[in-house]
$ cat entry-v5.csv   # CSV, C-alpha atoms
chain,number,residue,atom,x,y,z
A,1286,MET,CA,112.6,180.1,102.6
A,1287,ASN,CA,111.7,176.5,102.1
A,1288,ALA,CA,109.2,175.7,99.4
A,1289,SER,CA,106.0,173.9,100.5
A,1290,PRO,CA,105.2,170.5,98.9
A,1291,THR,CA,102.5,172.1,96.7
A,1292,GLN,CA,104.9,174.6,95.2
A,1293,SER,CA,107.2,172.0,93.6
A,1294,THR,CA,106.2,171.1,90.1
A,1295,GLU,CA,109.4,169.3,89.1
A,1296,PRO,CA,109.0,165.6,88.3
A,1297,ARG,CA,110.8,163.3,90.7
A,1298,THR,CA,113.4,161.0,89.2
A,1299,ALA,CA,114.8,157.8,90.6
A,1300,PRO,CA,118.2,158.1,92.2
A,1301,GLU,CA,121.1,157.0,90.0
A,1302,SER,CA,121.6,153.9,92.1
A,1303,ARG,CA,118.0,152.8,91.4
A,1304,ARG,CA,117.9,153.3,87.7
A,1305,ARG,CA,118.1,150.0,85.8
A,1306,THR,CA,119.4,149.8,82.3
A,1307,ARG,CA,118.4,147.2,79.7
A,1308,ALA,CA,121.8,145.5,80.4
A,1309,ASP,CA,120.8,145.2,84.1
A,1310,ARG,CA,117.4,143.6,83.2
A,1311,ALA,CA,119.1,141.3,80.6
A,1312,ARG,CA,121.6,140.1,83.2
A,1313,GLN,CA,118.7,139.4,85.6
A,1314,VAL,CA,116.9,137.3,83.0
A,1315,ALA,CA,120.0,135.5,82.0
A,1316,GLU,CA,120.8,134.6,85.6
A,1317,VAL,CA,117.3,133.2,86.2
A,1318,LEU,CA,117.4,131.2,83.0
A,1319,ARG,CA,120.9,129.9,83.8
A,1320,ARG,CA,119.8,128.6,87.2
A,1321,GLN,CA,116.7,127.0,85.6
A,1322,ILE,CA,118.8,125.2,83.1
A,1323,ALA,CA,121.3,124.0,85.8
A,1324,SER,CA,118.4,122.6,87.9
A,1325,GLY,CA,117.1,120.5,85.0
A,1326,ALA,CA,114.2,122.7,83.8
A,1327,PHE,CA,113.2,122.7,80.1
A,1328,THR,CA,113.5,119.0,79.7
A,1329,SER,CA,112.7,119.3,76.0
A,1330,GLY,CA,116.1,120.9,75.5
A,1331,LEU,CA,114.4,124.1,74.2
A,1332,LEU,CA,113.9,127.4,76.0
A,1333,PRO,CA,110.4,129.0,75.8
A,1334,ASP,CA,110.0,131.2,72.8
A,1335,GLU,CA,110.6,135.0,73.1
A,1336,ARG,CA,106.9,135.9,73.6
A,1337,LEU,CA,106.6,133.6,76.6
A,1338,LEU,CA,109.9,135.0,78.1
A,1339,ILE,CA,108.7,138.6,77.5
A,1340,ALA,CA,105.5,137.9,79.4
A,1341,ASP,CA,107.2,135.9,82.2
A,1342,PHE,CA,109.9,138.5,83.0
A,1343,ALA,CA,107.8,141.5,82.0
A,1344,VAL,CA,110.6,142.9,79.9
A,1345,SER,CA,111.0,144.0,76.3
A,1346,ARG,CA,111.9,141.9,73.3
A,1347,ASN,CA,115.3,143.6,73.1
A,1348,THR,CA,116.0,142.7,76.7
A,1349,VAL,CA,115.1,139.0,76.2
A,1350,ARG,CA,117.3,138.9,73.1
A,1351,GLU,CA,120.2,140.5,75.0
A,1352,ALA,CA,119.8,137.9,77.8
A,1353,LEU,CA,119.8,135.0,75.3
A,1354,GLY,CA,122.9,136.6,73.8
A,1355,VAL,CA,124.7,136.4,77.2
A,1356,LEU,CA,123.8,132.7,77.5
A,1357,ARG,CA,124.8,132.1,73.8
A,1358,ASP,CA,128.2,133.7,74.4
A,1359,GLU,CA,128.7,131.5,77.5
A,1360,GLY,CA,128.1,128.4,75.3
A,1361,VAL,CA,125.0,127.4,77.2
A,1362,VAL,CA,122.5,127.9,74.3
A,1363,GLU,CA,122.4,128.4,70.6
A,1364,ARG,CA,119.8,129.6,68.1
A,1365,ARG,CA,118.8,127.1,65.5
A,1366,GLN,CA,116.8,128.2,62.5
A,1367,GLY,CA,113.3,126.7,62.5
A,1368,VAL,CA,113.8,125.1,65.9
A,1369,GLY,CA,114.4,127.9,68.5
A,1370,THR,CA,116.8,128.4,71.3
A,1371,VAL,CA,118.4,125.1,72.1
A,1372,ILE,CA,120.3,124.2,75.3
A,1373,VAL,CA,123.6,122.8,74.3
A,1374,ARG,CA,125.3,122.5,77.7
A,1375,ARG,CA,123.9,122.3,81.2
A,1376,PRO,CA,126.0,123.1,84.3
A,1377,TYR,CA,125.6,120.1,86.6
A,1378,GLU,CA,124.7,120.6,90.2
A,1379,HIS,CA,127.0,119.4,93.0
A,1380,THR,CA,125.5,119.5,96.5
A,1381,LEU,CA,127.6,120.8,99.5
A,1382,GLU,CA,125.3,119.1,102.0
A,1383,ARG,CA,126.8,115.6,101.7
A,1384,LEU,CA,130.3,114.3,101.5
A,1385,THR,CA,130.3,112.7,98.0
A,1386,GLY,CA,132.7,112.1,95.2
A,1387,LEU,CA,132.3,113.3,91.7
A,1388,ALA,CA,131.2,110.0,90.2
A,1389,GLU,CA,128.7,109.5,93.1
A,1390,THR,CA,127.2,113.0,92.3
A,1391,LEU,CA,127.3,113.1,88.5
A,1392,GLY,CA,127.2,109.4,87.6
A,1393,THR,CA,123.6,109.7,86.4
A,1394,HIS,CA,124.6,112.4,83.9
A,1395,GLY,CA,127.3,110.4,82.2
A,1396,GLU,CA,130.5,108.4,82.6
A,1397,VAL,CA,133.1,110.0,84.9
A,1398,THR,CA,136.7,108.9,84.0
A,1399,ASN,CA,140.1,110.1,85.3
A,1400,HIS,CA,143.4,110.7,83.6
A,1401,VAL,CA,146.0,110.1,86.3
A,1402,ARG,CA,148.8,112.5,85.8
A,1403,VAL,CA,150.8,111.8,89.0
A,1404,ALA,CA,150.5,109.2,91.8
A,1405,ASP,CA,153.5,109.0,94.1
A,1406,LEU,CA,154.9,109.3,97.6
A,1407,VAL,CA,156.3,112.8,98.2
A,1408,ARG,CA,157.5,115.2,100.8
A,1409,PRO,CA,154.5,117.6,101.4
A,1410,PRO,CA,154.6,121.4,101.4
A,1411,GLY,CA,154.6,122.9,104.8
A,1412,GLU,CA,150.9,124.0,104.8
A,1413,VAL,CA,149.9,120.5,103.6
A,1414,ALA,CA,151.9,118.9,106.4
A,1415,ARG,CA,150.4,121.1,109.0
A,1416,LYS,CA,146.8,120.4,107.9
A,1417,LEU,CA,147.3,116.6,107.6
A,1418,HIS,CA,149.3,116.5,110.9
A,1419,VAL,CA,152.4,115.1,109.2
A,1420,PRO,CA,155.5,115.2,111.4
A,1421,ASP,CA,158.8,116.7,110.2
A,1422,GLY,CA,160.4,114.5,107.6
A,1423,GLY,CA,157.2,112.6,107.0
A,1424,ARG,CA,155.7,111.9,103.5
A,1425,VAL,CA,152.3,111.9,101.9
A,1426,VAL,CA,150.8,110.3,98.8
A,1427,TYR,CA,150.2,112.9,96.1
A,1428,ILE,CA,147.7,112.1,93.3
A,1429,GLU,CA,146.9,114.5,90.4
A,1430,ARG,CA,144.0,113.6,88.1
A,1431,LEU,CA,142.2,115.3,85.2
A,1432,ARG,CA,138.6,114.3,85.6
A,1433,LEU,CA,136.2,114.0,82.6
A,1434,LEU,CA,132.5,113.6,82.2
A,1435,ASP,CA,131.7,111.7,79.0
A,1436,GLY,CA,135.1,112.6,77.7
A,1437,VAL,CA,134.9,116.3,78.3
A,1438,PRO,CA,137.3,117.8,80.9
A,1439,LEU,CA,135.5,118.9,84.1
A,1440,SER,CA,138.2,119.4,86.8
A,1441,LEU,CA,141.8,119.1,87.7
A,1442,ASP,CA,142.2,117.5,91.2
A,1443,LEU,CA,145.3,117.8,93.3
A,1444,THR,CA,145.1,115.4,96.3
A,1445,TYR,CA,147.4,114.9,99.3
A,1446,LEU,CA,146.7,111.8,101.4
A,1447,ALA,CA,148.2,110.6,104.7
A,1448,ALA,CA,150.7,108.0,103.8
A,1449,ASP,CA,149.1,105.1,105.6
A,1450,ILE,CA,145.8,105.9,103.9
A,1451,GLY,CA,147.2,106.7,100.4
A,1452,GLU,CA,149.9,104.1,99.8
A,1453,PRO,CA,147.4,101.2,99.4
A,1454,LEU,CA,145.6,103.3,96.8
A,1455,LEU,CA,148.7,103.6,94.5
A,1456,THR,CA,147.8,100.2,93.0
A,1457,ALA,CA,144.1,100.8,93.0
A,1458,ASP,CA,141.8,101.8,90.1
A,1459,LEU,CA,142.5,105.6,90.3
A,1460,ALA,CA,141.4,106.0,86.6
A,1461,GLY,CA,137.9,104.6,87.2
A,1462,ARG,CA,137.0,105.2,90.8
A,1463,ASP,CA,136.4,108.1,93.3
A,1464,LEU,CA,139.0,108.4,96.0
A,1465,PHE,CA,136.4,108.4,98.7
A,1466,GLY,CA,135.2,104.9,97.8
A,1467,LEU,CA,138.7,103.6,97.5
A,1468,ILE,CA,139.7,105.0,100.9
A,1469,GLU,CA,136.6,103.4,102.6
A,1470,GLU,CA,137.3,100.1,101.0
A,1471,SER,CA,141.0,100.2,102.0
A,1472,THR,CA,140.3,101.3,105.6
A,1473,GLY,CA,137.1,99.2,106.1
A,1474,GLY,CA,135.2,102.2,107.5
A,1475,ARG,CA,133.4,105.3,106.5
A,1476,LEU,CA,134.8,108.8,106.1
A,1477,GLY,CA,133.5,111.3,108.6
A,1478,SER,CA,133.4,115.0,107.8
A,1479,ALA,CA,135.0,117.7,105.7
A,1480,SER,CA,135.8,121.4,105.7
A,1481,VAL,CA,135.2,123.0,102.3
A,1482,THR,CA,136.2,126.4,101.0
A,1483,VAL,CA,135.1,127.6,97.5
A,1484,HIS,CA,136.0,130.7,95.6
A,1485,ALA,CA,136.2,131.8,91.9
A,1486,VAL,CA,139.3,132.7,89.9
A,1487,GLY,CA,140.3,133.4,86.3
A,1488,GLY,CA,142.1,130.2,85.2
A,1489,ASP,CA,145.8,130.3,84.5
A,1490,PRO,CA,146.9,129.3,80.9
A,1491,HIS,CA,148.3,125.8,81.9
A,1492,THR,CA,145.2,124.8,83.9
A,1493,CYS,CA,142.8,126.1,81.2
A,1494,ALA,CA,144.7,124.2,78.5
A,1495,LEU,CA,144.3,121.0,80.5
A,1496,LEU,CA,140.6,121.7,80.9
A,1497,ASP,CA,140.2,122.6,77.2
A,1498,ILE,CA,138.9,126.1,77.8
A,1499,PRO,CA,140.3,129.6,76.9
A,1500,ALA,CA,142.9,131.1,79.3
A,1501,GLY,CA,141.3,133.3,81.9
A,1502,SER,CA,138.0,131.3,81.9
A,1503,ALA,CA,136.1,131.2,85.2
A,1504,LEU,CA,137.1,128.4,87.5
A,1505,PHE,CA,135.9,127.3,90.9
A,1506,THR,CA,138.8,126.6,93.2
A,1507,VAL,CA,137.8,124.2,96.0
A,1508,GLU,CA,139.9,123.3,99.1
A,1509,ARG,CA,138.5,120.3,100.9
A,1510,LEU,CA,140.0,118.7,104.0
A,1511,THR,CA,138.4,115.3,104.8
A,1512,ARG,CA,138.6,113.6,108.1
A,1513,LEU,CA,137.9,110.1,109.6
A,1514,PRO,CA,135.0,109.8,112.1
A,1515,ASP,CA,137.5,110.3,114.9
A,1516,GLY,CA,138.4,113.7,113.5
A,1517,ARG,CA,141.8,112.7,112.1
A,1518,PRO,CA,142.5,114.6,108.8
A,1519,VAL,CA,143.6,112.2,106.0
A,1520,ASP,CA,142.7,113.8,102.6
A,1521,LEU,CA,143.5,117.4,101.5
A,1522,GLU,CA,142.3,118.3,98.0
A,1523,PHE,CA,142.8,121.3,95.8
A,1524,LEU,CA,140.3,121.2,93.0
A,1525,ARG,CA,140.1,123.4,89.9
A,1526,ILE,CA,136.6,123.1,88.4
A,1527,ARG,CA,135.2,124.5,85.1
A,1528,GLY,CA,132.7,127.2,86.1
A,1529,ASP,CA,130.7,126.6,83.0
A,1530,ARG,CA,130.1,122.9,83.8
A,1531,LEU,CA,129.4,122.7,87.5
A,1532,ALA,CA,127.1,124.6,90.0
A,1533,PHE,CA,127.2,124.2,93.8
A,1534,ARG,CA,124.0,123.8,95.7
A,1535,ALA,CA,123.0,123.7,99.3
A,1536,GLU,CA,119.9,124.0,101.5
A,1537,LEU,CA,120.6,126.3,104.4
A,1538,VAL,CA,118.6,127.0,107.6
A,1539,ARG,CA,118.9,130.4,109.3
A,1540,ALA,CA,120.1,129.9,112.9
A,1541,VAL,CA,118.1,131.2,115.8
A,1542,PRO,CA,120.1,134.1,117.3
A,1543,GLU,CA,121.5,133.8,120.8
A,1544,PRO,CA,119.5,135.8,123.3
A,1545,HIS,CA,121.2,139.0,124.3
A,1546,ILE,CA,121.9,139.4,128.0
A,1547,ALA,CA,123.0,142.8,129.2
A,1548,PRO,CA,126.1,142.6,131.4
A,1549,THR,CA,125.6,143.1,135.1
A,1550,PRO,CA,127.5,146.1,136.3
A,1551,ARG,CA,130.1,145.5,138.9
A,1552,ASP,CA,129.8,147.3,142.3
A,1553,ASN,CA,132.7,149.6,141.7
A,1554,ASP,CA,131.2,150.6,138.3
A,1555,ASP,CA,128.1,152.1,140.0
A,1556,PRO,CA,128.7,155.8,140.9
A,1557,SER,CA,125.9,155.7,143.5
A,1558,ARG,CA,127.9,153.3,145.6
A,1559,THR,CA,130.9,155.7,145.8
A,1560,GLY,CA,129.0,158.9,146.5
A,1561,GLY,CA,129.1,160.3,142.9
A,1562,GLU,CA,131.0,160.2,139.7
A,1563,ARG,CA,134.7,159.4,139.6
$ encode --input "entry-v5.csv" --output "structure tokens"
Amino acid sequence: MNASPTQSTEPRTAPESRRRTRADRARQVAEVLRRQIASGAFTSGLLPDERLLIADFAVSRNTVREALGVLRDEGVVERRQGVGTVIVRRPYEHTLERLTGLAETLGTHGEVTNHVRVADLVRPPGEVARKLHVPDGGRVVYIERLRLLDGVPLSLDLTYLAADIGEPLLTADLAGRDLFGLIEESTGGRLGSASVTVHAVGGDPHTCALLDIPAGSALFTVERLTRLPDGRPVDLEFLRIRGDRLAFRAELVRAVPEPHIAPTPRDNDDPSRTGGER
């Protein structure tokens, strides 16, 4: 026999999936603070004191301290006696809404310089040749650069350029300029559009050594195929970007869904036209 609602005196507990540990709440606080820091909040360079954070997030002191510990372990903040929690590194935001080079985006935050590791005319890998529409036996310009912001490594950029676009750049200022600006100066016209794919990986030892971070550190890997206004692909880049120094940002608009139109049944699908079911 089923018990009536009034017969049950056992307290109801939240399902396991809905229980939130202190670590869950600390992770939430750390994520919000991390995004505020990246967007330029806390211009004084200090985080609010613990009492304000406790009130703002409605969590315990231990939760706030655990969240600050997460950011401290990431190298974003540090605790200084008599001062408070100081921001020691801000991840810089890079928009995905416009086709811009690194110096165009981050030039206001410091000096972007490039250590050119390779710049040469090479035979492309098959996938590169396919994406750049290079015929069999054709060549491309390959440029590899370690990019730094105020002397601190930020990304390792591997770039393949259509030969007619890239060869004039081999004598250009690759150490001090964005490739986009150099391409536009060389061609006398603007670039058009790009397709971008971003995902996160744990960095391999060689890349991490070049970027001056521990092996296995989080990296963004970005593939960007850039085209001229007529749609011709001319620039294929594979970027490895330090996850602790850059954040991607975009403003997105939800598309209006297409109206659903029910299919019109064909005559021979209507049983009434054949005298019954088939």
$ atom_distance --input "entry-v5.csv" --atom1 "atom CA of Pro1409 of chain A" --atom2 "atom CA of Gly1451 of chain A"
13.2 Å
$ residues_around --input "entry-v5.csv" --residues "segment 1414-1431 of chain A" --least-positions-apart "4" --cutoff "10 Å" --atoms "only C-alpha atoms" --output "number ranges by chain"
A: 1398-1410, 1438-1455, 1459-1460, 1464, 1495-1496, 1510-1512, 1517-1525
$ closest_residue --input "entry-v5.csv" --among "A:Ala1532, A:Ile1498, A:Val1538, A:Ile1339" --to "Val1437 of chain A" --atoms "only C-alpha atoms"
A:Ile1498
$ closest_residue --input "entry-v5.csv" --among "A:Leu1337, A:Leu1433, A:Val1361, A:Val1483" --to "Leu1504 of chain A" --atoms "all atoms listed in the file"
A:Val1483
$ closest_residue --input "entry-v5.csv" --among "A:Arg1336, A:His1394, A:Arg1312, A:Arg1305" --to "His1379 of chain A" --atoms "all atoms listed in the file"
A:His1394
$ atom_distance --input "entry-v5.csv" --atom1 "atom CA of Asp1515 of chain A" --atom2 "atom CA of Ser1471 of chain A"
16.8 Å
$ closest_residue --input "entry-v5.csv" --among "A:Leu1476, A:Ala1323, A:Leu1434, A:Ala1343" --to "Ala1388 of chain A" --atoms "all atoms listed in the file"
A:Leu1434
$ atom_distance --input "entry-v5.csv" --atom1 "atom CA of Ala1485 of chain A" --atom2 "atom CA of Glu1363 of chain A"
25.6 Å
$ closest_residue --input "entry-v5.csv" --among "A:Leu1384, A:Ile1372, A:Val1397, A:Ala1308" --to "Gln1321 of chain A" --atoms "all atoms listed in the file"
A:Ile1372
$ closest_residue --input "entry-v5.csv" --among "A:Glu1335, A:Glu1351, A:Glu1536, A:Glu1359" --to "Glu1382 of chain A" --atoms "all atoms listed in the file"
A:Glu1536
$ residues_around --input "entry-v5.csv" --residues "Ile1322 of chain A" --least-positions-apart "3" --cutoff "9 Å" --atoms "all atoms listed in the file" --output "list in words"
Val1317, Leu1318, Arg1319, Gly1325, Ala1326, Phe1327, Thr1328, Leu1332, Val1361, Ile1372, Arg1374, Arg1375 and Pro1376 of chain A
